[in-house]
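Chemist: Structure file protein37.cif, mmCIF, N, CA and C atoms and all ligand atoms, is pasted below:
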data_run
#
loop_
_atom_site.label_atom_id
_atom_site.label_comp_id
_atom_site.auth_asym_id
_atom_site.auth_seq_id
_atom_site.Cartn_x
_atom_site.Cartn_y
_atom_site.Cartn_z
N MET L 1 107.69 169.15 212.25
CA MET L 1 107.46 167.88 211.53
C MET L 1 107.22 166.76 212.54
N ASP L 2 106.42 165.81 212.16
CA ASP L 2 106.15 164.65 213.01
C ASP L 2 107.42 163.84 213.22
N GLU L 3 107.36 162.97 214.22
CA GLU L 3 108.46 162.03 214.43
C GLU L 3 108.69 161.26 213.14
N ARG L 4 109.94 161.09 212.78
CA ARG L 4 110.24 160.41 211.53
C ARG L 4 110.01 158.91 211.63
N ARG L 5 109.32 158.40 210.66
CA ARG L 5 109.04 156.97 210.56
C ARG L 5 109.22 156.55 209.12
N CYS L 6 109.60 155.31 208.94
CA CYS L 6 109.68 154.77 207.57
C CYS L 6 108.27 154.73 206.97
N PHE L 7 108.15 155.23 205.77
CA PHE L 7 106.85 155.27 205.11
C PHE L 7 106.30 153.87 204.86
N LEU L 8 107.20 152.91 204.64
CA LEU L 8 106.74 151.57 204.29
C LEU L 8 106.51 150.67 205.49
N CYS L 9 107.41 150.69 206.45
CA CYS L 9 107.29 149.72 207.55
C CYS L 9 107.06 150.38 208.91
N GLY L 10 107.19 151.69 209.00
CA GLY L 10 106.89 152.39 210.24
C GLY L 10 108.01 152.37 211.27
N ARG L 11 109.15 151.73 210.96
CA ARG L 11 110.26 151.75 211.92
C ARG L 11 110.80 153.17 212.05
N ASN L 12 111.49 153.43 213.19
CA ASN L 12 111.89 154.81 213.48
C ASN L 12 113.35 155.11 213.14
N GLY L 13 114.05 154.17 212.53
CA GLY L 13 115.42 154.44 212.11
C GLY L 13 116.48 154.16 213.14
N ALA L 14 116.10 153.64 214.29
CA ALA L 14 117.07 153.38 215.35
C ALA L 14 118.11 152.34 214.92
N GLU L 15 117.68 151.30 214.22
CA GLU L 15 118.61 150.24 213.80
C GLU L 15 119.13 150.45 212.39
N ASP L 16 118.28 150.95 211.55
CA ASP L 16 118.58 151.12 210.13
C ASP L 16 118.19 152.56 209.81
N PRO L 17 119.19 153.43 209.67
CA PRO L 17 118.89 154.87 209.56
C PRO L 17 117.92 155.20 208.43
N LEU L 18 117.13 156.19 208.66
CA LEU L 18 116.14 156.59 207.65
C LEU L 18 116.79 157.50 206.61
N ASP L 19 116.48 157.23 205.35
CA ASP L 19 116.90 158.10 204.24
C ASP L 19 115.69 158.87 203.74
N LEU L 20 115.95 160.04 203.20
CA LEU L 20 114.89 160.78 202.53
C LEU L 20 114.87 160.34 201.07
N HIS L 21 113.76 159.79 200.65
CA HIS L 21 113.63 159.31 199.27
C HIS L 21 112.73 160.26 198.49
N HIS L 22 113.20 160.69 197.31
CA HIS L 22 112.38 161.51 196.42
C HIS L 22 111.55 160.57 195.56
N ILE L 23 110.24 160.69 195.67
CA ILE L 23 109.37 159.75 194.97
C ILE L 23 109.59 159.85 193.46
N PHE L 24 109.80 161.06 192.98
CA PHE L 24 110.11 161.24 191.56
C PHE L 24 111.52 161.81 191.47
N GLY L 25 112.43 160.99 190.99
CA GLY L 25 113.84 161.37 191.00
C GLY L 25 114.29 161.94 189.66
N GLY L 26 115.59 161.91 189.45
CA GLY L 26 116.17 162.39 188.20
C GLY L 26 115.77 163.83 187.93
N ALA L 27 115.24 164.04 186.74
CA ALA L 27 114.87 165.39 186.31
C ALA L 27 113.77 165.99 187.19
N TYR L 28 113.03 165.15 187.92
CA TYR L 28 111.89 165.62 188.69
C TYR L 28 112.18 165.71 190.19
N ARG L 29 113.45 165.55 190.53
CA ARG L 29 113.83 165.57 191.94
C ARG L 29 113.45 166.89 192.62
N LYS L 30 113.78 167.99 191.96
CA LYS L 30 113.48 169.32 192.52
C LYS L 30 111.97 169.50 192.71
N LYS L 31 111.22 169.05 191.72
CA LYS L 31 109.76 169.18 191.82
C LYS L 31 109.21 168.29 192.92
N SER L 32 109.82 167.12 193.10
CA SER L 32 109.42 166.24 194.20
C SER L 32 109.53 167.00 195.51
N GLU L 33 110.64 167.71 195.66
CA GLU L 33 110.87 168.47 196.89
C GLU L 33 109.86 169.60 197.01
N LYS L 34 109.70 170.33 195.93
CA LYS L 34 108.81 171.49 195.91
C LYS L 34 107.39 171.11 196.34
N TYR L 35 106.93 169.95 195.88
CA TYR L 35 105.55 169.55 196.17
C TYR L 35 105.45 168.58 197.34
N GLY L 36 106.55 168.40 198.06
CA GLY L 36 106.50 167.54 199.25
C GLY L 36 106.34 166.07 198.93
N LEU L 37 106.83 165.66 197.77
CA LEU L 37 106.70 164.25 197.37
C LEU L 37 107.98 163.50 197.74
N VAL L 38 108.24 163.50 199.03
CA VAL L 38 109.41 162.82 199.59
C VAL L 38 108.95 162.00 200.79
N VAL L 39 109.60 160.88 201.02
CA VAL L 39 109.24 160.04 202.16
C VAL L 39 110.52 159.53 202.82
N TYR L 40 110.41 159.20 204.10
CA TYR L 40 111.52 158.56 204.78
C TYR L 40 111.42 157.05 204.61
N LEU L 41 112.56 156.41 204.39
CA LEU L 41 112.62 154.96 204.24
C LEU L 41 113.83 154.43 204.97
N CYS L 42 113.72 153.22 205.58
CA CYS L 42 114.88 152.56 206.20
C CYS L 42 115.94 152.34 205.11
N HIS L 43 117.15 152.78 205.41
CA HIS L 43 118.20 152.75 204.39
C HIS L 43 118.34 151.38 203.71
N ARG L 44 118.52 150.32 204.50
CA ARG L 44 118.74 149.00 203.90
C ARG L 44 117.43 148.30 203.53
N ARG L 45 116.62 148.15 204.54
CA ARG L 45 115.43 147.30 204.39
C ARG L 45 114.43 147.82 203.34
N CYS L 46 114.20 149.10 203.36
CA CYS L 46 113.10 149.63 202.55
C CYS L 46 113.54 150.54 201.40
N HIS L 47 114.76 151.08 201.49
CA HIS L 47 115.17 152.05 200.47
C HIS L 47 116.05 151.43 199.38
N ILE L 48 117.18 150.85 199.77
CA ILE L 48 118.20 150.52 198.77
C ILE L 48 118.43 149.02 198.52
N PHE L 49 118.57 148.22 199.59
CA PHE L 49 119.21 146.93 199.41
C PHE L 49 118.33 145.68 199.39
N ALA L 50 117.33 145.62 200.22
CA ALA L 50 116.53 144.39 200.29
C ALA L 50 115.80 144.18 198.97
N PRO L 51 115.45 142.93 198.66
CA PRO L 51 114.75 142.64 197.40
C PRO L 51 113.46 143.44 197.25
N SER L 52 112.82 143.75 198.38
CA SER L 52 111.56 144.51 198.32
C SER L 52 111.79 146.01 198.48
N ALA L 53 113.06 146.43 198.57
CA ALA L 53 113.34 147.86 198.73
C ALA L 53 112.93 148.62 197.47
N VAL L 54 112.64 149.88 197.67
CA VAL L 54 112.10 150.69 196.58
C VAL L 54 113.03 150.73 195.36
N HIS L 55 114.36 150.81 195.62
CA HIS L 55 115.28 150.88 194.48
C HIS L 55 115.63 149.50 193.91
N GLN L 56 115.02 148.43 194.43
CA GLN L 56 115.21 147.08 193.87
C GLN L 56 113.95 146.56 193.21
N SER L 57 112.83 146.94 193.77
CA SER L 57 111.56 146.36 193.34
C SER L 57 110.77 147.34 192.47
N THR L 58 110.56 146.96 191.23
CA THR L 58 109.78 147.80 190.31
C THR L 58 108.36 148.00 190.85
N GLY L 59 107.80 146.94 191.40
CA GLY L 59 106.44 147.02 191.92
C GLY L 59 106.32 148.02 193.06
N GLN L 60 107.30 147.95 193.95
CA GLN L 60 107.31 148.86 195.10
C GLN L 60 107.48 150.31 194.63
N MET L 61 108.36 150.52 193.68
CA MET L 61 108.60 151.86 193.12
C MET L 61 107.32 152.38 192.48
N GLN L 62 106.65 151.50 191.75
CA GLN L 62 105.42 151.87 191.06
C GLN L 62 104.33 152.28 192.06
N ARG L 63 104.21 151.50 193.13
CA ARG L 63 103.20 151.81 194.15
C ARG L 63 103.47 153.17 194.78
N LEU L 64 104.74 153.43 195.04
CA LEU L 64 105.11 154.69 195.68
C LEU L 64 104.83 155.87 194.75
N LYS L 65 105.09 155.69 193.47
CA LYS L 65 104.84 156.76 192.51
C LYS L 65 103.35 157.02 192.37
N ARG L 66 102.59 155.95 192.41
CA ARG L 66 101.15 156.10 192.34
C ARG L 66 100.67 156.90 193.56
N TYR L 67 101.17 156.53 194.72
CA TYR L 67 100.84 157.27 195.94
C TYR L 67 101.23 158.75 195.79
N GLY L 68 102.44 159.01 195.28
CA GLY L 68 102.93 160.37 195.12
C GLY L 68 102.06 161.17 194.18
N GLN L 69 101.64 160.54 193.11
CA GLN L 69 100.78 161.23 192.15
C GLN L 69 99.44 161.59 192.78
N LEU L 70 98.84 160.64 193.49
CA LEU L 70 97.55 160.90 194.12
C LEU L 70 97.67 162.02 195.16
N LYS L 71 98.78 161.99 195.90
CA LYS L 71 99.02 163.04 196.90
C LYS L 71 99.15 164.40 196.21
N ALA L 72 99.94 164.46 195.14
CA ALA L 72 100.12 165.72 194.42
C ALA L 72 98.80 166.22 193.86
N MET L 73 98.02 165.32 193.28
CA MET L 73 96.74 165.71 192.68
C MET L 73 95.80 166.25 193.75
N GLU L 74 95.84 165.62 194.93
CA GLU L 74 94.98 166.09 196.00
C GLU L 74 95.48 167.43 196.57
N ASP L 75 96.78 167.47 196.89
CA ASP L 75 97.34 168.69 197.51
C ASP L 75 97.25 169.89 196.58
N GLN L 76 97.53 169.67 195.30
CA GLN L 76 97.59 170.79 194.35
C GLN L 76 96.27 170.96 193.59
N ARG L 77 95.33 170.10 193.87
CA ARG L 77 94.06 170.10 193.13
C ARG L 77 94.29 169.97 191.62
N TRP L 78 95.15 169.03 191.28
CA TRP L 78 95.47 168.77 189.89
C TRP L 78 94.59 167.66 189.34
N THR L 79 94.34 167.72 188.04
CA THR L 79 93.79 166.57 187.33
C THR L 79 94.96 165.66 186.96
N GLU L 80 94.63 164.49 186.44
CA GLU L 80 95.67 163.58 185.99
C GLU L 80 96.52 164.25 184.90
N GLU L 81 95.85 165.03 184.05
CA GLU L 81 96.54 165.73 182.97
C GLU L 81 97.50 166.79 183.51
N ASP L 82 97.07 167.50 184.55
CA ASP L 82 97.96 168.49 185.18
C ASP L 82 99.21 167.80 185.70
N PHE L 83 99.00 166.64 186.33
CA PHE L 83 100.15 165.91 186.88
C PHE L 83 101.09 165.49 185.76
N ARG L 84 100.52 165.00 184.69
CA ARG L 84 101.33 164.55 183.56
C ARG L 84 102.17 165.71 183.01
N ARG L 85 101.58 166.89 182.97
CA ARG L 85 102.30 168.07 182.48
C ARG L 85 103.50 168.36 183.37
N GLU L 86 103.34 168.20 184.67
CA GLU L 86 104.42 168.52 185.61
C GLU L 86 105.48 167.42 185.70
N PHE L 87 105.04 166.16 185.63
CA PHE L 87 105.96 165.06 185.92
C PHE L 87 106.15 164.09 184.75
N GLY L 88 105.69 164.50 183.57
CA GLY L 88 106.01 163.75 182.36
C GLY L 88 105.13 162.57 182.04
N LYS L 89 104.57 161.91 183.05
CA LYS L 89 103.66 160.80 182.77
C LYS L 89 102.76 160.54 183.96
N SER L 90 101.75 159.72 183.73
CA SER L 90 100.84 159.35 184.82
C SER L 90 101.17 157.95 185.29
N TYR L 91 101.06 157.75 186.59
CA TYR L 91 101.33 156.43 187.18
C TYR L 91 100.07 155.75 187.68
N LEU L 92 98.93 156.31 187.34
CA LEU L 92 97.68 155.71 187.83
C LEU L 92 97.25 154.51 186.99
ZN ZN L 101 115.55 156.79 196.87
ZN ZN L 102 111.25 150.63 206.57
#
Would you put the structure from the file into structure tokens?

Modeler:
Amino acid sequence: MDERRCFLCGRNGAEDPLDLHHIFGGAYRKKSEKYGLVVYLCHRRCHIFAPSAVHQSTGQMQRLKRYGQLKAMEDQRWTEEDFRREFGKSYL
């Protein structure tokens, strides 16, 4: 695997440890893992606590899910409908 970097800001986790974030959580967590829809994020700044962090900002979460869907569709050669079947809805 490449050197770990935060997906959002590119920091390497030296000051703020990197967490593995499942782009599609809850019931779809396992599938996120299966299809490689996981990213590293700075624990405080980008993942959990800051106002713009993924778990605080709906917009940021939405962007990440859109990215995850496009990645899955490309990697698996899925249509939007295929994605919807696997992950319950489309984020495009
Ligand atoms: Zn997370
Ligand atoms: Zn970051």

Chemist: Can you build me a table of chain L residues sitting at most 8 Å from ligand ZN 102 (chain L), with the closest atom pair per residue and its distance in Å to one decimal, using only N, CA and C atoms and all ligand atoms, sorted by chain and residue number, as a Markdown table?

Modeler:
| residue | atom | partner | partner_atom | distance |
| --- | --- | --- | --- | --- |
| L:Arg5 | C | L:ZN102 | ZN | 6.8 |
| L:Cys6 | CA | L:ZN102 | ZN | 4.5 |
| L:Phe7 | N | L:ZN102 | ZN | 5.6 |
| L:Leu8 | C | L:ZN102 | ZN | 4.9 |
| L:Cys9 | N | L:ZN102 | ZN | 3.8 |
| L:Gly10 | N | L:ZN102 | ZN | 4.8 |
| L:Arg11 | N | L:ZN102 | ZN | 5.0 |
| L:Asn12 | N | L:ZN102 | ZN | 7.2 |
| L:Gly13 | N | L:ZN102 | ZN | 7.5 |
| L:Asp16 | C | L:ZN102 | ZN | 7.9 |
| L:Leu18 | CA | L:ZN102 | ZN | 7.8 |
| L:Tyr40 | C | L:ZN102 | ZN | 6.7 |
| L:Leu41 | C | L:ZN102 | ZN | 4.9 |
| L:Cys42 | N | L:ZN102 | ZN | 3.7 |
| L:His43 | N | L:ZN102 | ZN | 6.4 |
| L:Arg44 | C | L:ZN102 | ZN | 7.3 |
| L:Arg45 | C | L:ZN102 | ZN | 5.3 |
| L:Cys46 | CA | L:ZN102 | ZN | 4.5 |
| L:His47 | N | L:ZN102 | ZN | 6.2 |

Chemist: Counting only N, CA and C atoms and all ligand atoms, what are the residues, protein, DNA or RNA alike, that approach ligand ZN 101 (chain L) to within 6.5 Å? I want them as JSON, numbers by chain.

Modeler: {"L": [20, 21, 22, 47, 55]}

Chemist: Which is closer to Lys31 (chain L) than all the others in L:Trp78, L:Asp19, L:Tyr67, L:Ala72, using only C-alpha atoms?

Modeler: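 Result for the nearest residue to Lys31 (chain L): L:Ala72.
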
Chemist: Do you have the atom N of Lys65 (chain L)-atom N of Val39 (chain L) distance handy?

Modeler: 10.2 Å

Chemist: Between L:Glu15, L:Leu92, L:Arg84, L:Phe24, which has the minimum distance to Val54 (chain L) (counting only C-alpha atoms)?

Modeler: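 When distances to Val54 (chain L) are compared using only C-alpha atoms, the smallest one comes from L:Phe24.
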
Chemist: Could you go through chain L and tell me which residues DSSP, when run on the backbone, assigns to strand (DSSP E or B), listing them as a ChimeraX atom specification?

Modeler: /L:18-22,38-42

Chemist: Grab the atom N of Lys71 (chain L) to atom C of Val38 (chain L) distance for me, in Å with one decimal place.

Modeler: 11.3 Å

Chemist: Between CA of Phe87 (chain L) and atom N of Ala27 (chain L), what is the spacing in Å?

Modeler: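 Pair atom N of Ala27 (chain L) / CA of Phe87 (chain L) returns 9.4 Å.
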
Chemist: Using DSSP on the backbone coordinates, identify all residues within chain L classified as helix (DSSP H, G or I); present the result as JSON, numbers by chain.

Modeler: {"L": [26, 27, 28, 29, 30, 31, 32, 33, 34, 43, 44, 45, 46, 47, 48, 58, 59, 60, 61, 62, 63, 64, 65, 66, 67, 68, 69, 70, 71, 72, 73, 74, 75, 76, 80, 81, 82, 83, 84, 85, 86, 87]}

Chemist: Using only C-alpha atoms, can you tell me which of L:Ala50, L:Gly25, L:Arg85, L:Pro17 comes closest to Met73 (chain L)?

Modeler: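 Closest to Met73 (chain L), using only C-alpha atoms: L:Arg85.
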
Chemist: I'd like the neighbourhood of Arg63 (chain L) as a JSON list (two decimals) with N, CA and C atoms, in the coordinates of the input, where a residue qualifies if any of its atoms comes within 12 Å (using only C-alpha atoms), though same-chain residues fewer than 3 positions away should be ignored.

Modeler:
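What ended up in result.json:
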[["chain", "number", "residue", "atom", "x", "y", "z"],
["L", 8, "LEU", "N", 107.20, 152.91, 204.64],
["L", 8, "LEU", "CA", 106.74, 151.57, 204.29],
["L", 8, "LEU", "C", 106.51, 150.67, 205.49],
["L", 23, "ILE", "N", 110.24, 160.69, 195.67],
["L", 23, "ILE", "CA", 109.37, 159.75, 194.97],
["L", 23, "ILE", "C", 109.59, 159.85, 193.46],
["L", 24, "PHE", "N", 109.80, 161.06, 192.98],
["L", 24, "PHE", "CA", 110.11, 161.24, 191.56],
["L", 24, "PHE", "C", 111.52, 161.81, 191.47],
["L", 52, "SER", "N", 112.82, 143.75, 198.38],
["L", 52, "SER", "CA", 111.56, 144.51, 198.32],
["L", 52, "SER", "C", 111.79, 146.01, 198.48],
["L", 53, "ALA", "N", 113.06, 146.43, 198.57],
["L", 53, "ALA", "CA", 113.34, 147.86, 198.73],
["L", 53, "ALA", "C", 112.93, 148.62, 197.47],
["L", 54, "VAL", "N", 112.64, 149.88, 197.67],
["L", 54, "VAL", "CA", 112.10, 150.69, 196.58],
["L", 54, "VAL", "C", 113.03, 150.73, 195.36],
["L", 57, "SER", "N", 112.83, 146.94, 193.77],
["L", 57, "SER", "CA", 111.56, 146.36, 193.34],
["L", 57, "SER", "C", 110.77, 147.34, 192.47],
["L", 58, "THR", "N", 110.56, 146.96, 191.23],
["L", 58, "THR", "CA", 109.78, 147.80, 190.31],
["L", 58, "THR", "C", 108.36, 148.00, 190.85],
["L", 59, "GLY", "N", 107.80, 146.94, 191.40],
["L", 59, "GLY", "CA", 106.44, 147.02, 191.92],
["L", 59, "GLY", "C", 106.32, 148.02, 193.06],
["L", 60, "GLN", "N", 107.30, 147.95, 193.95],
["L", 60, "GLN", "CA", 107.31, 148.86, 195.10],
["L", 60, "GLN", "C", 107.48, 150.31, 194.63],
["L", 66, "ARG", "N", 102.59, 155.95, 192.41],
["L", 66, "ARG", "CA", 101.15, 156.10, 192.34],
["L", 66, "ARG", "C", 100.67, 156.90, 193.56],
["L", 67, "TYR", "N", 101.17, 156.53, 194.72],
["L", 67, "TYR", "CA", 100.84, 157.27, 195.94],
["L", 67, "TYR", "C", 101.23, 158.75, 195.79],
["L", 68, "GLY", "N", 102.44, 159.01, 195.28],
["L", 68, "GLY", "CA", 102.93, 160.37, 195.12],
["L", 68, "GLY", "C", 102.06, 161.17, 194.18],
["L", 69, "GLN", "N", 101.64, 160.54, 193.11],
["L", 69, "GLN", "CA", 100.78, 161.23, 192.15],
["L", 69, "GLN", "C", 99.44, 161.59, 192.78],
["L", 70, "LEU", "N", 98.84, 160.64, 193.49],
["L", 70, "LEU", "CA", 97.55, 160.90, 194.12],
["L", 70, "LEU", "C", 97.67, 162.02, 195.16],
["L", 91, "TYR", "N", 101.06, 157.75, 186.59],
["L", 91, "TYR", "CA", 101.33, 156.43, 187.18],
["L", 91, "TYR", "C", 100.07, 155.75, 187.68],
["L", 92, "LEU", "N", 98.93, 156.31, 187.34],
["L", 92, "LEU", "CA", 97.68, 155.71, 187.83],
["L", 92, "LEU", "C", 97.25, 154.51, 186.99]]
